[in-house]
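Engineer: Handing you a structure now.
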Amino acid sequence: MVKHVDAIIVGAGWAGSIMAKELTEAGLSVVMLERGSERTTPVEGAYPESIDELRGAIRKRLFQNLSQSTVTIRNTIDQTALPYRQLAAFLPGEGVGGAGLHWSGVHFRVAPEDLRLRSAVIERYGEKFIPEGMNLQDYGVSYEELEPFFDKAEKVFGTSGEAYRVQGKIVGNGNVFSSDRSDNFPLPAMKDTFSASVFRDAAKNAGYHPYSLPAANASRQYTNTYGCQMGPCNFCGYCSGYDCYLYSKASPNVNILPVLRQEPRFSLIPNAHVLRVDLDSTKTKATGITYLDTKTRKEHSLSADLIILGAFQFNNVHLMLVSGIGKPYDPVSNTGTVGRNFVYQTITSSRVWLPPSTYTNQFVGAGGAGVAIDDFNSMNFDHGPLGFVGGSPVWVNQAGVKPIAAALGAGGGGTPRWGSAYKDSLVNTYKHSLGIDAHGSNMAYRDVYLDLDPTWKDAYGQPLLRMTFTWKDNDIRMNQYVVSKIEPIARAMGATKMNLVHLNAGQPFDTRTYQTTHLGGGAIMGDNPQTSALNRYLQSWDVSNVFVIGSNAFPQGMGYNPTGMVAALAYWAAHHIRTTYLKSPGPLVKA
Amino acid sequence: MEPTLNAPRRRSVVKGLLGTTSFWLASGNARWSEALADEAAQPYRPIFFDIAEYQFLEAACERLFPADHNGPGAKTLGVAEFLDRQMQTPYARGENWYMSGPFEQGPANLGYQLPFVPKDLYRKGIAGVERYARQQYGKGFAALSALQQDEILTALEGGSVQLGDIPGRVFFEQLRTNTLEGAFADPLYGGNRGLGGWIMLGFPGARADFMDWVNQEGASYPIGPVSISGETA
Ligand SMILES: Cc1cc2nc3c(=O)[nH]c(=O)nc-3n(C[C@H](O)[C@H](O)[C@H](O)COP(=O)(O)OP(=O)(O)OC[C@H]3O[C@@H](n4cnc5c(N)ncnc54)[C@H](O)[C@@H]3O)c2cc1C
Ligand code: SF4
């Protein structure tokens with residue numbers, strides 16, 4: 001007998017945990033499966049063992065163990081993709097909490113025009129403005145529709161920030177480009193580190209509009225909507241890549257799971273690697289899932305009425321492909337949707353040196369804290385004469401720079417990477433410099449996509465996912481333009497030296513250096529089943545009892561960090577499952 | 001009490017701990033940091049590297065990270081000891097790397113594609129550099145002048161030397177990465193002796209509480225470093 005539950009959730013990150021909470025609230029019995037191990041802050045986050053750079057961010061103890069499964073990567077369609085053998089460019093999560101345990105906590109909403117970027121670009125510049133081969137698409141959902149769910153997520157995450165406009169009234173010094181909010185942030189903004197305060201003043205002097213980054217790091221003690229508690233963040237600097245020892249950084253483990261674990265209708269199975277979603281013979285209905293217990297190496301099946309994939313962007317796409325959910329995308333015939341519009345972000349980090357009497361104390365920091373400008377993000381500036389689509393926020397987000405990372409990154413670009421001269425520059429850079437990022441959008445292209453690799457397999461015998469990805473001219477020029485705007489800010493800071501880093505024409509994506517873990521698309525939402533794998537409720541067009549929650553739904557990579565949007569989409573989908581789908585299961589949108 | 005009998009016994013316990021995957025991936029023993037700190041206080045005899053390999057490391061790491069006016073170099077910081085200890089961890093066995101074949105070589109930007117884990121890279125890489133040193137200068141690496149050693153390291157970094165089946169540049173990057181780790185990791189791993197690496201950078205180590213130091217208008221942080229085991233400087 002195969003065990004039956006109302007709903008199965010794959011993945012115990014933010015997406016999975018939010019859906020599990022919502023569906024148990026709706027009265028469903030829920031099983032959440034997680035391929036990695038159990039994780040709780042008293043164990044993985046305990047001080048001082050967690051305050052260990054070698055074991056943490058360098059040996060990467062909290063991230064995905066690639067020996068079991070990875071992806072292959074190539075830049076162009078005519079290359080052989082090769083396995084991503086060592087973690088570098090992106091750091092996927094594994095274990096209960098997913099990447100939500102070790103993220104940084106920059107917690108954005110969305111720039112409203114990014115949700116309808118195709119329409120906005122056409123309205124302003126005409127259809128011809130969109131370059132050949134760019135799959136520019138709208139999400140099929142508006143900011144106004146999502147607003148209640150952004151608000152709900154911020155109150156669960158305990159987000160610190162300063163609003164600009166609430167219910168039509170200007171209330172503070174927040175981001176002037178942001179849209180109306182129904183309510184303020186639950187917590188006041190994080191304090192500016194010294195480097196962020198220098199950036200704030202300089203950006204203002206240069207004529208821009210600085211604002212405090214919204215941070216899911218608690219600026220004060222907080223009890224969230226579910227009754228879960230957070231302590232105040234002390235800017236310990238062991239944030240990005242670490243489990244917060246002070247319960248100050250929002251995570252599924254701290255903000256949702258403590259209440260979910262007490263719910264009798266809910267159970268969590270760790271060390272359960274889901275191999276596939278099982279479909280009936282029509283391939284239009286899922287009957288359950290099959291997973292491997294990674295401890296015993298035994299396969300088990302579970303049956304359910306509703307399946308939620310929350311295994312992270314590319315794992316969701318992988319599960320759809322190996323299960324036969326929807327039609328795989330083929331870039332040559334330009335048909336199919338699963339794997340289409342694979343996107344990332346276009347990011348470069350520049351460096352500014354202040355005089356030797358000034359100490360930037362880069363080890364002080366919090367993952368989500370900082371100061372940003374949106375003057376060159378989204379549609380906030382005139383793209384007409386520039387001829388590219390997209391943009392970047394620019395910010396100082398000092399998350400805590402630790403010595404091994406600083407040492408590995410110092411030197412290069414014509415300066416020594418070892419020896420005494422290298423030590424000089426390392427010491428000077430560590431003590432007196434600060435970083436400024438251009439954290440930009442990344443558009444979708446016909447020949448940038450995901451499919452199954454023909455050669456390499458994971459430890460369970462399944463084909464690896466293959467990424468075909470490189471930087472394209474539109475995004476490179478966007479990055480160059482935005483980085484050129486950093487120079488006046490750096491001058492206003494009193495820079496003694498600057499190293500402005502931008503992408504160069506023709507530069508291929510390099511898997512060896514960290515970008516972000518903000519991968520997107522591949523199973524996108526939209527209003528047309530020919531060009532999107534999911535409808536506007538993140539429901540598979542093809543298998544209506546499967547919902548696929550994550551940044552896989554983004555048609556374009558946006559300048560903002562993705563998790564705030566992922567959380568809002570999860571609450572949005574859950575709302576429509578609860579209010580409509582459960583009453584009458586079936587497609588929520590007619591294909 | 002025979003200290004010579006005592007020390008090795010303790011060492012083997014800690015070594016066993018370090019070698020387990022669960023130590024690195026999960027939090028196994030609650031007392032591991034104390035055990036490791038104790039271990040760090042003992043004089044060190046290499047376990048993975050033989051004496052000649054260890055001499056190579058002491059010499060090469062010191063050139064990469066020399067003692068100078070900024071502060072101590074790799075030798076004083078115990079980087080070679082750090083490297084030897086790391087060779088007994090899951091990292092050295094490539095346990096977190098995807099190591100399934102086939103191993104095809106491709107453009108550098110698609111990342112590492114060799115069938116070797118760090119242990120192999122060191123064994124083969126050191127032997128290769130020693131061969132190269134004898135060929136070019138007629139002596140082993142450790143016996144060469146600093147200038148000659150720098151010439152070899154420069155050639156490795158530049159990519160013009162092949163060390164058997166390992167590109168010289170790959171070995172160079174492995175050695176540079178682990179050397180810098182040894183200079184700046186918490187001293188419980190055997191390097192960063194006396195917190196010398198952290199003092200050089202003004203890094204406070206495991207303090208991890210900057211409530212009052214979020215913004216002090218560019219003043220230098222006044223408190224010295226502390227390690228996980230509580231060592232201060
Ligand atoms: C270092 C770092 C810093 C970051 N900082 C930020 C930030 O500041 N702001 C921001 O917005 N975002 C940030 N991110 C990104 C953020 O972590 C992710 O967007 C977010 O956690 C994604 O949530 P998710 O639930 O979709 O996926 P995940 O958190 O990845 O959870 C998916 C879970 O599914 C599990 N899983 C996968 N496949 C299977 C399978 N077959 N069977 C069973 N389980 C499976 C995984 O093990 C994982 O635990 C950061 C990421 C990293 C790595
Ligand atoms: S910086 Fe703040 S939120 Fe981040 S880990 Fe430290 S205490 Fe937690």
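Residues are named by chain letter and number: chains run A, B, ... in the order of the structure tokens, numbers start at 1 in each chain, and ligands are numbered from 1 in the order shown.
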If we count only C-alpha atoms and set the cut-off at 6 Å, which residues sit around region 51-63 of chain A, ignoring sequence neighbours fewer than 4 positions away in its own chain? Please answer as a list in words.
Structural biologist: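 Residues near the query, excluding close chain neighbours: Pro92, Gly93, Glu94 and Gly241 of chain A; Leu25, Ala185 and Ala206 of chain B.
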Engineer: Within 7 Å of chain A, which residues of chain B show up? Give each one with its shortest atom-to-atom distance in Å (one decimal) and the two atoms involved, counting only C-alpha atoms, rows by chain then rising residue number, as a tab-separated table.
Structural biologist:
residue	atom	partner	partner_atom	distance
B:Trp24	CA	A:Arg61	CA	6.2
B:Leu25	CA	A:Arg61	CA	4.7
B:Ala26	CA	A:Glu44	CA	6.9
B:Ser27	CA	A:Glu44	CA	6.2
B:Arg63	CA	A:Gly419	CA	6.1
B:Leu64	CA	A:Trp418	CA	4.9
B:Phe65	CA	A:Gly419	CA	5.4
B:Pro66	CA	A:Gly419	CA	6.0
B:Asp68	CA	A:Ser420	CA	6.6
B:Asn70	CA	A:Asp424	CA	6.8
B:Glu95	CA	A:Ser67	CA	6.5
B:Asn96	CA	A:Asn65	CA	5.1
B:Trp97	CA	A:Ser67	CA	4.9
B:Tyr98	CA	A:Ser67	CA	4.1
B:Met99	CA	A:Ser67	CA	6.5
B:Asn109	CA	A:Asp510	CA	4.5
B:Leu110	CA	A:Thr511	CA	5.5
B:Gly111	CA	A:Arg512	CA	5.6
B:Tyr112	CA	A:Arg85	CA	6.7
B:Thr177	CA	A:Leu408	CA	6.5
B:Leu180	CA	A:Ala407	CA	6.4
B:Glu181	CA	A:Ile404	CA	5.6
B:Phe184	CA	A:Ile404	CA	5.6
B:Ala185	CA	A:Leu54	CA	5.7
B:Asp186	CA	A:Asp52	CA	6.8
B:Leu201	CA	A:Val427	CA	5.6
B:Phe203	CA	A:Phe363	CA	6.9
B:Ala206	CA	A:Ile51	CA	5.8
B:Ala208	CA	A:Cys236	CA	4.1
B:Asp209	CA	A:Cys236	CA	4.8
B:Phe210	CA	A:Phe235	CA	5.5
B:Met211	CA	A:Asn234	CA	4.7
B:Val214	CA	A:Thr193	CA	4.9
B:Asn215	CA	A:Phe194	CA	4.4
B:Gln216	CA	A:Phe194	CA	6.7
B:Glu217	CA	A:Phe194	CA	5.8
B:Gly218	CA	A:Tyr359	CA	4.6
B:Ala219	CA	A:Tyr359	CA	5.6
B:Ser220	CA	A:Tyr359	CA	5.3
B:Tyr221	CA	A:Asn361	CA	6.9
B:Ile228	CA	A:Pro48	CA	5.7
Engineer: Please, could you write that set of residues out with N, CA and C atoms as a short mmCIF file (atom, residue, chain, number, x, y, z; two decimals), in the first residue's frame?
Structural biologist:
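The resulting file, part-v6.cif, is reproduced below:
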data_model
loop_
_atom_site.label_atom_id
_atom_site.label_comp_id
_atom_site.auth_asym_id
_atom_site.auth_seq_id
_atom_site.Cartn_x
_atom_site.Cartn_y
_atom_site.Cartn_z
N TRP B 24 32.78 17.88 9.28
CA TRP B 24 32.83 19.06 8.40
C TRP B 24 31.45 19.50 7.97
N LEU B 25 30.54 18.58 7.86
CA LEU B 25 29.24 18.93 7.30
C LEU B 25 28.22 19.20 8.38
N ALA B 26 28.27 18.48 9.43
CA ALA B 26 27.33 18.71 10.52
C ALA B 26 28.14 19.15 11.73
N SER B 27 27.50 19.27 12.85
CA SER B 27 28.22 19.61 14.05
C SER B 27 28.22 18.37 14.89
N ARG B 63 57.40 31.80 0.21
CA ARG B 63 57.56 32.72 -0.93
C ARG B 63 56.21 33.34 -1.30
N LEU B 64 55.15 32.53 -1.24
CA LEU B 64 53.82 33.06 -1.57
C LEU B 64 53.37 34.08 -0.54
N PHE B 65 53.69 33.79 0.71
CA PHE B 65 53.25 34.66 1.81
C PHE B 65 54.44 34.88 2.73
N PRO B 66 55.36 35.79 2.32
CA PRO B 66 56.62 35.95 3.05
C PRO B 66 56.48 36.82 4.30
N ASP B 68 57.36 39.91 6.27
CA ASP B 68 57.83 41.23 5.82
C ASP B 68 57.35 42.30 6.80
N ASN B 70 54.76 43.89 6.88
CA ASN B 70 53.34 43.77 7.24
C ASN B 70 53.10 42.82 8.40
N GLU B 95 35.45 15.03 -1.28
CA GLU B 95 34.15 14.43 -0.98
C GLU B 95 32.96 15.34 -1.28
N ASN B 96 33.22 16.63 -1.47
CA ASN B 96 32.14 17.53 -1.86
C ASN B 96 32.22 17.95 -3.32
N TRP B 97 33.10 17.35 -4.06
CA TRP B 97 33.21 17.66 -5.49
C TRP B 97 32.48 16.60 -6.29
N TYR B 98 31.99 17.00 -7.43
CA TYR B 98 31.42 16.02 -8.35
C TYR B 98 32.59 15.37 -9.07
N MET B 99 32.85 14.10 -8.79
CA MET B 99 34.04 13.44 -9.34
C MET B 99 33.67 12.24 -10.21
N ASN B 109 37.03 28.68 -18.42
CA ASN B 109 35.89 29.31 -17.73
C ASN B 109 34.79 28.31 -17.38
N LEU B 110 34.87 27.09 -17.90
CA LEU B 110 33.88 26.08 -17.49
C LEU B 110 34.36 25.28 -16.26
N GLY B 111 35.49 25.68 -15.72
CA GLY B 111 35.86 25.17 -14.40
C GLY B 111 36.71 23.91 -14.43
N TYR B 112 37.06 23.49 -13.23
CA TYR B 112 37.97 22.37 -12.99
C TYR B 112 37.41 21.07 -13.56
N THR B 177 45.69 29.07 -2.83
CA THR B 177 44.43 29.09 -2.08
C THR B 177 44.62 28.52 -0.68
N LEU B 180 46.78 30.74 1.70
CA LEU B 180 46.08 31.89 2.26
C LEU B 180 45.05 31.43 3.31
N GLU B 181 44.44 30.29 3.07
CA GLU B 181 43.54 29.73 4.09
C GLU B 181 44.32 29.49 5.38
N PHE B 184 45.01 32.57 7.43
CA PHE B 184 43.90 33.35 7.98
C PHE B 184 42.76 32.55 8.61
N ALA B 185 42.83 31.21 8.58
CA ALA B 185 41.77 30.43 9.22
C ALA B 185 41.93 30.50 10.73
N ASP B 186 40.91 30.14 11.44
CA ASP B 186 41.02 30.07 12.90
C ASP B 186 42.20 29.17 13.25
N LEU B 201 45.74 42.05 9.63
CA LEU B 201 44.61 42.67 8.92
C LEU B 201 43.70 43.50 9.82
N PHE B 203 41.70 42.11 11.91
CA PHE B 203 40.45 41.33 11.94
C PHE B 203 40.23 40.77 13.34
N ALA B 206 36.67 35.80 16.13
CA ALA B 206 35.35 35.29 16.49
C ALA B 206 34.58 36.25 17.40
N ALA B 208 32.48 38.69 16.65
CA ALA B 208 31.12 38.53 16.13
C ALA B 208 30.05 39.29 16.91
N ASP B 209 30.41 40.46 17.42
CA ASP B 209 29.40 41.31 18.05
C ASP B 209 29.84 42.76 17.87
N PHE B 210 29.16 43.46 16.99
CA PHE B 210 29.59 44.82 16.67
C PHE B 210 28.46 45.82 16.87
N MET B 211 27.60 45.53 17.82
CA MET B 211 26.47 46.40 18.12
C MET B 211 26.90 47.87 18.20
N VAL B 214 28.88 49.57 14.51
CA VAL B 214 28.29 49.58 13.17
C VAL B 214 28.85 50.76 12.38
N ASN B 215 28.89 51.90 13.04
CA ASN B 215 29.47 53.07 12.38
C ASN B 215 30.19 53.93 13.39
N GLN B 216 31.52 53.87 13.35
CA GLN B 216 32.33 54.75 14.21
C GLN B 216 33.11 55.72 13.34
N GLU B 217 32.46 56.16 12.25
CA GLU B 217 33.01 57.23 11.40
C GLU B 217 34.44 56.97 10.95
N GLY B 218 34.75 55.72 10.68
CA GLY B 218 36.06 55.44 10.08
C GLY B 218 37.19 55.25 11.07
N ALA B 219 36.85 55.13 12.37
CA ALA B 219 37.91 54.85 13.35
C ALA B 219 38.31 53.38 13.25
N SER B 220 39.52 53.09 13.69
CA SER B 220 39.98 51.71 13.62
C SER B 220 39.45 50.93 14.83
N TYR B 221 39.02 49.69 14.60
CA TYR B 221 38.44 48.88 15.67
C TYR B 221 39.48 48.63 16.76
N ILE B 228 38.29 30.88 18.23
CA ILE B 228 37.16 30.06 18.67
C ILE B 228 37.44 29.41 20.03
#
Engineer: Please tabulate, as CSV, the residues of chain A that come within 6 Å of ligand 1, each with its closest pair of atoms and the distance in Å to one decimal, counting only C-alpha atoms and all ligand atoms and ordering rows by chain, then residue number upward.
Structural biologist:
residue,atom,partner,partner_atom_place_in_ligand_line,distance
A:Val10,CA,ligand 1,43 (C),5.2
A:Gly11,CA,ligand 1,34 (O),3.2
A:Ala12,CA,ligand 1,33 (C),4.9
A:Gly13,CA,ligand 1,31 (O),3.5
A:Trp14,CA,ligand 1,25 (O),3.8
A:Ala15,CA,ligand 1,25 (O),3.8
A:Gly16,CA,ligand 1,25 (O),5.7
A:Leu33,CA,ligand 1,43 (C),5.4
A:Glu34,CA,ligand 1,44 (N),3.8
A:Arg35,CA,ligand 1,43 (C),3.9
A:Gly36,CA,ligand 1,47 (O),5.2
A:Leu91,CA,ligand 1,53 (C),4.6
A:Pro92,CA,ligand 1,53 (C),5.5
A:Gly93,CA,ligand 1,30 (O),4.6
A:Glu94,CA,ligand 1,47 (O),3.3
A:Gly95,CA,ligand 1,49 (O),4.6
A:Val96,CA,ligand 1,49 (O),5.5
A:Gly97,CA,ligand 1,49 (O),5.8
A:Gly98,CA,ligand 1,49 (O),3.2
A:Ala99,CA,ligand 1,29 (O),3.7
A:Gly100,CA,ligand 1,21 (O),3.9
A:His102,CA,ligand 1,1 (C),5.9
A:Trp103,CA,ligand 1,3 (C),3.6
A:Ser104,CA,ligand 1,8 (O),3.8
A:Gly105,CA,ligand 1,8 (O),4.0
A:Val106,CA,ligand 1,8 (O),3.7
A:His107,CA,ligand 1,11 (O),5.3
A:Ser240,CA,ligand 1,1 (C),4.8
A:Gly241,CA,ligand 1,1 (C),4.4
A:Ala272,CA,ligand 1,43 (C),5.7
A:His273,CA,ligand 1,42 (N),3.8
A:Val274,CA,ligand 1,42 (N),3.7
A:Leu275,CA,ligand 1,41 (N),5.7
A:Gly310,CA,ligand 1,25 (O),5.6
A:Ala311,CA,ligand 1,34 (O),3.4
A:Phe312,CA,ligand 1,27 (O),3.7
A:Asn315,CA,ligand 1,38 (N),5.1
A:Gly368,CA,ligand 1,8 (O),5.6
A:Thr517,CA,ligand 1,51 (C),4.8
A:His518,CA,ligand 1,15 (C),5.5
A:Gly550,CA,ligand 1,26 (O),4.4
A:Asn561,CA,ligand 1,11 (O),3.9
A:Pro562,CA,ligand 1,11 (O),4.2
A:Thr563,CA,ligand 1,11 (O),3.5
A:Gly564,CA,ligand 1,11 (O),5.7
Engineer: Please measure the separation of CA of Gly71 (chain B) and CA of Leu188 (chain B), giving the value in Å to one decimal.
Structural biologist: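 Calculated distance between CA of Gly71 (chain B) and CA of Leu188 (chain B) is 20.0 Å.
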Engineer: Go through region 118-298 of chain A and collect every residue that DSSP, computed from the backbone, puts in helix (DSSP H, G or I); the answer should be as a VMD selection string.
Structural biologist: chain A and resid 118 to 125 127 to 129 143 to 157 194 to 205 252 to 255 257 to 260
